[in-house]
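Let me begin by presenting the structure, written as structure tokens, before commenting on it.
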Amino acid sequence: MAERKEEEFLDNLEALENEVFGEDEPTEDELEADELAVLKAERDEYKDRFMRALADAENSRKRADRDRREAENYGGSKLARDMLPVYDNLVRAVEAAGEDDEKASDALIEGVQLTLKELLNVFKKHGIEAILPELGDKFDPQVHQAMFEAPVPGTKAGEIIQVAATGFMLHDRLLRPAQVGVSSFK
């Protein structure tokens, strides 16, 4: 009988422990479910990291392509700006020689004109286009630089009345605005 009471006592003690502390050991199904949940969370974390790394790589590739295109198109803009005074001087030489044909030799004039033509061909090959405003055109501050304003009868305010220097664009960027005189006549 003492043995039976001892067994009963132990059973009650075990029941009390389970009630207070829960089961001592989880079941095998519970362990597998916990491991599966941990593995799924780890998988989701790695998937998220992978997707972010993939997006970063794609953004880097696009940025590199854009930078390469810009360098290709606009990398020579400093050289192009430095060449513009050469163009200006050749134009002045042709205009000066044309005014006084007797003093200048025809061969010299022809040489300067051919040099100017070749320079314009090189400009065109590299995407440099001249901005050639006409008298009477409307002043556009995006591509023109007003050198002076003068009230000229027969014109409207904001019209170009004189072209002092040709402007140039490198693809879609302004290298130098066309320098113009603008009417202020009301």
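Each chain in the structure tokens gets a letter, A, B, ..., in the order shown, and its residues are numbered from 1; ligands are numbered from 1 in order too.
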Per-residue nearest contacts range 40-87 of chain A to range 155-169 of chain A, cut-off 10 Å, using only C-alpha atoms, as a tab-separated table:
residue	atom	partner	partner_atom	distance
A:Ser77	CA	A:Met169	CA	9.8
A:Ala80	CA	A:Phe168	CA	9.4
A:Arg81	CA	A:Phe168	CA	8.9
A:Leu84	CA	A:Phe168	CA	8.4
A:Tyr87	CA	A:Thr166	CA	9.4
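Residues surrounding Val112 in chain A within 9 Å are A:Leu90, A:Val91, A:Ala93, A:Val94 [only C-alpha atoms; sequence separation below 6 positions excluded].
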Name the residues of range 65-167 of chain A that come out as strand (DSSP E or B) in a backbone DSSP run; write them as number ranges by chain. A: 128-131, 138, 144-150, 159-165, 167
